[in-house]
Amino acid sequence: MKVQTACPFLLAGDIGGTKALLELFEAHPEGPQQVRQAALQSADYESLEAMLAHFLGTERARVQAAALSVAAPLRRGQGRFTNLPWRMDQSALSKELGIPKLVLINDFVAAVFGIQGLDEADLCWLNGEAPDPAGMRVVLGPGTGLGLGFGIPRSGSSPLLDAWPSEGGHIDFAPRSDEDAEIWRYARRAFEGRVGYERLLSGSGLSLLYSFYRLQSGLVRSNESGPRTEPAEVSRRAGNGGDADAVRAVDKFLELLGAFAGNAALLFLPQGGVYLAGGMVIHMVSHLRRSALLASFSDKGRLSDVVARIPLAAVLNPQLELFGARWCAEQLVRFRRRSMARP
């Protein structure tokens with residue numbers, strides 16, 4: 001009588017500076033089958049190890065492989081979160097949790113891998129350009145920070161990608177108008193120094209833009225202190241339409257996001273598409289088409305026509321990074337590719 005062996009348990013995680021989405025699943029030949037999933041608040045835990053140990057509980061011993069998307073730059077499997085006081089070491093984490101095969105991957109590398117698992121219903125194409133299956137793809141998006149990653153099909157029109165991380169969200173913010181220059185000066189005072197794009201294209205960036213417009217409207221004093229309005233509240237006020245400064249903040253946020261995406265298009269010429277991802281994009285999707293995002297995306301002087309022909313899409317599925325981490329975890333039980341450990 002043939003004894004049926006149990007399928008291995010695998011762990012996938014999308015761990016950001018604010019929230020973490022963890023999934024335990026079984027690797028079946030016909031596809032992954034979820035055991036359970038949980039959304040956790042990152043700040044509730046003193047370390048990544050503590051979070052994972054809490055989530056896995058007694059099932060830790062059954063986990064054979066794990067892939068964790070982390071919002072951090074990595075080098076040889078080590079790194080620290082940009083927006084959390086956590087340090088990470090994938091070898092130490094593997095030993096402490098008793099998981100034989102474990103990799104840490106940059107969150108936007110995971111996002112690029114996750115593109116492979118999207119359906120057409122998960123995408124909102126903004127400029128009507130068709131992506132080239134053989135072309136490079138760029139994924140970027142604001143959240144707690146501003147992430148960016150890029151990928152290239154392995155061969156020809158293969159749906160499988162090789163992906164690389166980038167810290168492009170921290171490049172210098174470039175004002176495009178007199179108003180942008182005023183915003184740059186306001187942000188420079190707020191941060192007492194250099195202003196990168198992430199300072200404006202993030203949750204805290206939306207709050208800062210709202211404060212800037214309230215100051216312009218005379219609703220606050222230039223020396224006013226105290227907590228800024230939370231980004232979710234700014235979005236809510238903009239959605240209601242009753243707060244003109246919230247509307248201006250969201251409109252400017254999307255205009256700057258379009259300009260940054262256009263810069264990425266110039267850098268990579270990704271004929272496979274530029275993909276805007278993350279919860280903030282999803283929450284603002286109703287504003288995208290009527291905002292200046294598309295105009296600022298292609299407003300690149302002599303190269304405007306080139307950028308205008310690069311496909312631009314908003315990703316509507318909030319689990320993009322988790323899809324990518326899940327795919328990586330599945331690869332670990334089939335074969336250990338060196339590219340999985342690429343810093």
# chains A, B, ... in the order shown; residues from 1 in each chain; ligands from 1

$ select_by_dssp --residues "region 20-104 of chain A" --states "strand (DSSP E)" --output "PDB file with N, CA and C atoms, in the first residue's frame"
ATOM      1  N   ALA A  20       2.560  44.021   8.006  1.00  0.00           N
ATOM      2  CA  ALA A  20       3.131  42.783   7.462  1.00  0.00           C
ATOM      3  C   ALA A  20       1.991  41.840   7.113  1.00  0.00           C
ATOM      4  N   LEU A  21       2.100  41.193   5.964  1.00  0.00           N
ATOM      5  CA  LEU A  21       1.139  40.179   5.540  1.00  0.00           C
ATOM      6  C   LEU A  21       1.893  38.862   5.428  1.00  0.00           C
ATOM      7  N   LEU A  22       1.508  37.886   6.237  1.00  0.00           N
ATOM      8  CA  LEU A  22       2.190  36.596   6.281  1.00  0.00           C
ATOM      9  C   LEU A  22       1.234  35.498   5.844  1.00  0.00           C
ATOM     10  N   GLU A  23       1.775  34.520   5.138  1.00  0.00           N
ATOM     11  CA  GLU A  23       0.956  33.426   4.628  1.00  0.00           C
ATOM     12  C   GLU A  23       1.697  32.102   4.782  1.00  0.00           C
ATOM     13  N   LEU A  24       1.016  31.132   5.340  1.00  0.00           N
ATOM     14  CA  LEU A  24       1.501  29.758   5.409  1.00  0.00           C
ATOM     15  C   LEU A  24       0.704  28.962   4.388  1.00  0.00           C
ATOM     16  N   PHE A  25       1.412  28.222   3.525  1.00  0.00           N
ATOM     17  CA  PHE A  25       0.697  27.480   2.495  1.00  0.00           C
ATOM     18  C   PHE A  25       1.394  26.160   2.200  1.00  0.00           C
ATOM     19  N   GLU A  26       0.654  25.272   1.569  1.00  0.00           N
ATOM     20  CA  GLU A  26       1.188  23.983   1.149  1.00  0.00           C
ATOM     21  C   GLU A  26       1.532  24.040  -0.333  1.00  0.00           C
ATOM     22  N   ALA A  27       2.660  23.435  -0.685  1.00  0.00           N
ATOM     23  CA  ALA A  27       3.087  23.402  -2.078  1.00  0.00           C
ATOM     24  C   ALA A  27       2.569  22.126  -2.738  1.00  0.00           C
ATOM     25  N   HIS A  28       1.452  22.258  -3.448  1.00  0.00           N
ATOM     26  CA  HIS A  28       0.870  21.129  -4.163  1.00  0.00           C
ATOM     27  C   HIS A  28       1.289  21.185  -5.628  1.00  0.00           C
ATOM     28  N   GLY A  31      -0.672  23.586  -7.557  1.00  0.00           N
ATOM     29  CA  GLY A  31      -0.617  24.982  -7.152  1.00  0.00           C
ATOM     30  C   GLY A  31      -0.654  25.137  -5.647  1.00  0.00           C
ATOM     31  N   PRO A  32      -0.266  26.316  -5.151  1.00  0.00           N
ATOM     32  CA  PRO A  32      -0.243  26.539  -3.699  1.00  0.00           C
ATOM     33  C   PRO A  32      -1.648  26.534  -3.100  1.00  0.00           C
ATOM     34  N   GLN A  33      -1.758  25.960  -1.899  1.00  0.00           N
ATOM     35  CA  GLN A  33      -3.025  25.956  -1.171  1.00  0.00           C
ATOM     36  C   GLN A  33      -2.797  26.590   0.194  1.00  0.00           C
ATOM     37  N   GLN A  34      -3.496  27.673   0.437  1.00  0.00           N
ATOM     38  CA  GLN A  34      -3.303  28.438   1.662  1.00  0.00           C
ATOM     39  C   GLN A  34      -3.743  27.656   2.893  1.00  0.00           C
ATOM     40  N   VAL A  35      -2.900  27.696   3.921  1.00  0.00           N
ATOM     41  CA  VAL A  35      -3.246  27.145   5.230  1.00  0.00           C
ATOM     42  C   VAL A  35      -3.848  28.243   6.090  1.00  0.00           C
ATOM     43  N   ARG A  36      -3.147  29.362   6.174  1.00  0.00           N
ATOM     44  CA  ARG A  36      -3.698  30.543   6.854  1.00  0.00           C
ATOM     45  C   ARG A  36      -2.889  31.777   6.483  1.00  0.00           C
ATOM     46  N   GLN A  37      -3.496  32.915   6.719  1.00  0.00           N
ATOM     47  CA  GLN A  37      -2.890  34.203   6.404  1.00  0.00           C
ATOM     48  C   GLN A  37      -3.215  35.177   7.519  1.00  0.00           C
ATOM     49  N   ALA A  38      -2.305  36.100   7.803  1.00  0.00           N
ATOM     50  CA  ALA A  38      -2.557  37.088   8.859  1.00  0.00           C
ATOM     51  C   ALA A  38      -1.908  38.409   8.497  1.00  0.00           C
ATOM     52  N   ALA A  39      -2.587  39.503   8.839  1.00  0.00           N
ATOM     53  CA  ALA A  39      -2.039  40.853   8.694  1.00  0.00           C
ATOM     54  C   ALA A  39      -1.658  41.350  10.081  1.00  0.00           C
ATOM     55  N   LEU A  40      -0.408  41.775  10.240  1.00  0.00           N
ATOM     56  CA  LEU A  40       0.108  42.191  11.535  1.00  0.00           C
ATOM     57  C   LEU A  40       0.675  43.605  11.433  1.00  0.00           C
ATOM     58  N   GLN A  41       0.735  44.275  12.572  1.00  0.00           N
ATOM     59  CA  GLN A  41       1.348  45.596  12.656  1.00  0.00           C
ATOM     60  C   GLN A  41       2.825  45.426  12.995  1.00  0.00           C
ATOM     61  N   VAL A  63       7.635  23.849   8.480  1.00  0.00           N
ATOM     62  CA  VAL A  63       7.980  24.759   7.387  1.00  0.00           C
ATOM     63  C   VAL A  63       9.338  24.372   6.804  1.00  0.00           C
ATOM     64  N   GLN A  64       9.364  24.089   5.511  1.00  0.00           N
ATOM     65  CA  GLN A  64      10.598  23.681   4.842  1.00  0.00           C
ATOM     66  C   GLN A  64      11.302  24.816   4.107  1.00  0.00           C
ATOM     67  N   ALA A  65      10.557  25.858   3.755  1.00  0.00           N
ATOM     68  CA  ALA A  65      11.165  26.965   3.022  1.00  0.00           C
ATOM     69  C   ALA A  65      10.357  28.237   3.272  1.00  0.00           C
ATOM     70  N   ALA A  66      11.052  29.367   3.187  1.00  0.00           N
ATOM     71  CA  ALA A  66      10.392  30.658   3.399  1.00  0.00           C
ATOM     72  C   ALA A  66      11.049  31.710   2.519  1.00  0.00           C
ATOM     73  N   ALA A  67      10.230  32.597   1.993  1.00  0.00           N
ATOM     74  CA  ALA A  67      10.706  33.766   1.249  1.00  0.00           C
ATOM     75  C   ALA A  67       9.994  34.980   1.823  1.00  0.00           C
ATOM     76  N   LEU A  68      10.769  35.966   2.233  1.00  0.00           N
ATOM     77  CA  LEU A  68      10.221  37.125   2.920  1.00  0.00           C
ATOM     78  C   LEU A  68      10.603  38.395   2.180  1.00  0.00           C
ATOM     79  N   SER A  69       9.582  39.105   1.737  1.00  0.00           N
ATOM     80  CA  SER A  69       9.764  40.401   1.099  1.00  0.00           C
ATOM     81  C   SER A  69       9.901  41.453   2.197  1.00  0.00           C
ATOM     82  N   VAL A  70      11.005  42.193   2.184  1.00  0.00           N
ATOM     83  CA  VAL A  70      11.258  43.166   3.244  1.00  0.00           C
ATOM     84  C   VAL A  70      11.541  44.534   2.642  1.00  0.00           C
ATOM     85  N   LEU A  74      19.284  45.147   0.832  1.00  0.00           N
ATOM     86  CA  LEU A  74      19.928  43.931   1.322  1.00  0.00           C
ATOM     87  C   LEU A  74      21.287  43.748   0.658  1.00  0.00           C
ATOM     88  N   ARG A  75      22.202  43.168   1.415  1.00  0.00           N
ATOM     89  CA  ARG A  75      23.501  42.796   0.874  1.00  0.00           C
ATOM     90  C   ARG A  75      23.906  41.466   1.484  1.00  0.00           C
ATOM     91  N   GLN A  78      21.701  40.270   4.278  1.00  0.00           N
ATOM     92  CA  GLN A  78      21.667  41.064   5.503  1.00  0.00           C
ATOM     93  C   GLN A  78      21.189  42.477   5.191  1.00  0.00           C
ATOM     94  N   GLY A  79      20.595  43.112   6.188  1.00  0.00           N
ATOM     95  CA  GLY A  79      20.162  44.484   5.982  1.00  0.00           C
ATOM     96  C   GLY A  79      19.424  45.008   7.191  1.00  0.00           C
ATOM     97  N   ARG A  80      18.966  46.212   7.086  1.00  0.00           N
ATOM     98  CA  ARG A  80      18.145  46.811   8.141  1.00  0.00           C
ATOM     99  C   ARG A  80      17.015  47.578   7.472  1.00  0.00           C
ATOM    100  N   ARG A  87      17.232  44.881  12.433  1.00  0.00           N
ATOM    101  CA  ARG A  87      18.307  44.359  11.599  1.00  0.00           C
ATOM    102  C   ARG A  87      17.977  42.922  11.237  1.00  0.00           C
ATOM    103  N   MET A  88      18.441  42.477  10.063  1.00  0.00           N
ATOM    104  CA  MET A  88      18.076  41.153   9.566  1.00  0.00           C
ATOM    105  C   MET A  88      19.305  40.426   9.044  1.00  0.00           C
ATOM    106  N   ASP A  89      19.313  39.118   9.241  1.00  0.00           N
ATOM    107  CA  ASP A  89      20.349  38.243   8.708  1.00  0.00           C
ATOM    108  C   ASP A  89      19.665  36.942   8.328  1.00  0.00           C
ATOM    109  N   LYS A 101      15.499  26.311   4.342  1.00  0.00           N
ATOM    110  CA  LYS A 101      15.751  27.211   3.211  1.00  0.00           C
ATOM    111  C   LYS A 101      14.947  28.493   3.431  1.00  0.00           C
ATOM    112  N   LEU A 102      15.660  29.595   3.592  1.00  0.00           N
ATOM    113  CA  LEU A 102      14.996  30.873   3.856  1.00  0.00           C
ATOM    114  C   LEU A 102      15.763  31.971   3.144  1.00  0.00           C
ATOM    115  N   VAL A 103      15.041  32.816   2.417  1.00  0.00           N
ATOM    116  CA  VAL A 103      15.660  33.958   1.753  1.00  0.00           C
ATOM    117  C   VAL A 103      14.898  35.234   2.083  1.00  0.00           C
ATOM    118  N   LEU A 104      15.665  36.304   2.181  1.00  0.00           N
ATOM    119  CA  LEU A 104      15.110  37.646   2.265  1.00  0.00           C
ATOM    120  C   LEU A 104      15.258  38.292   0.897  1.00  0.00           C
TER     121      LEU A 104
END

$ select_by_dssp --residues "region 183-226 of chain A" --states "helix (DSSP H, G or I)" --output "ChimeraX atom specification"
/A:183-191,197-199,203-216

$ closest_residue --among "A:Ile115, A:Asn127, A:Asn240, A:Thr229" --to "Arg289 (chain A)" --atoms "only C-alpha atoms"
A:Asn127

$ atom_distance --atom1 "CA of Arg188 (chain A)" --atom2 "CA of Leu209 (chain A)"
12.6 Å

$ closest_atom_pairs --of "region 113-133 of chain A" --to "region 161-179 of chain A" --cutoff "12 Å" --atoms "only C-alpha atoms" --output "Markdown table"
| residue | atom | partner | partner_atom | distance |
| --- | --- | --- | --- | --- |
| A:Phe113 | CA | A:Leu161 | CA | 6.5 |
| A:Gly114 | CA | A:Leu161 | CA | 9.6 |
| A:Ile115 | CA | A:Leu161 | CA | 9.0 |
| A:Gln116 | CA | A:Leu161 | CA | 7.7 |
| A:Gly117 | CA | A:Leu161 | CA | 11.2 |
| A:Pro133 | CA | A:Leu161 | CA | 10.5 |

$ write_last_selection --atoms "C-alpha atoms" --output "compact mmCIF listing (two decimals), in the first residue's frame"
# COMPACT_ATOMS: atom_id res chain seq x y z
CA PHE A 113 8.20 38.79 -9.38
CA GLY A 114 4.57 39.31 -8.38
CA ILE A 115 3.74 40.88 -11.75
CA GLN A 116 3.97 37.33 -13.15
CA GLY A 117 0.94 36.29 -11.08
CA PRO A 133 6.19 40.72 -23.34

$ atom_distance --atom1 "CA of Ala249 (chain A)" --atom2 "CA of Leu140 (chain A)"
20.1 Å

$ atom_distance --atom1 "CA of Asp107 (chain A)" --atom2 "CA of Leu84 (chain A)"
14.2 Å

$ residues_around --residues "Met136 (chain A)" --least-positions-apart "4" --cutoff "10 Å" --atoms "only C-alpha atoms" --output "ChimeraX atom specification"
/A:131-132,150-153,161-163,268-274

$ write_last_selection --atoms "C-alpha atoms" --output "PDB file, in the first residue's frame"
ATOM      1  CA  PRO A 131       3.236  46.167 -23.056  1.00  0.00           C
ATOM      2  CA  ASP A 132       5.924  44.229 -24.903  1.00  0.00           C
ATOM      3  CA  PHE A 150      12.944  46.336 -12.208  1.00  0.00           C
ATOM      4  CA  GLY A 151      12.898  43.036 -14.066  1.00  0.00           C
ATOM      5  CA  ILE A 152      13.781  41.500 -17.414  1.00  0.00           C
ATOM      6  CA  PRO A 153      12.257  38.360 -18.990  1.00  0.00           C
ATOM      7  CA  LEU A 161      11.452  37.363 -14.846  1.00  0.00           C
ATOM      8  CA  ASP A 162      14.805  38.047 -13.293  1.00  0.00           C
ATOM      9  CA  ALA A 163      14.522  40.998 -10.929  1.00  0.00           C
ATOM     10  CA  PHE A 268      15.046  52.083 -18.010  1.00  0.00           C
ATOM     11  CA  LEU A 269      12.985  52.511 -21.226  1.00  0.00           C
ATOM     12  CA  PRO A 270      10.781  49.648 -19.956  1.00  0.00           C
ATOM     13  CA  GLN A 271       8.704  48.589 -22.951  1.00  0.00           C
ATOM     14  CA  GLY A 272       7.154  45.912 -20.720  1.00  0.00           C
ATOM     15  CA  GLY A 273       5.564  48.678 -18.687  1.00  0.00           C
ATOM     16  CA  VAL A 274       5.835  50.918 -15.640  1.00  0.00           C
TER      17      VAL A 274
END

$ closest_residue --among "A:Gly143, A:Gly128, A:Gly218, A:Gly241" --to "Phe108 (chain A)" --atoms "only C-alpha atoms"
A:Gly143

$ residues_around --residues "Leu266 (chain A)" --least-positions-apart "5" --cutoff "10 Å" --atoms "only C-alpha atoms" --output "MDAnalysis selection string"
chainID A and resid 260:261 298 300 303:304 306:307 310
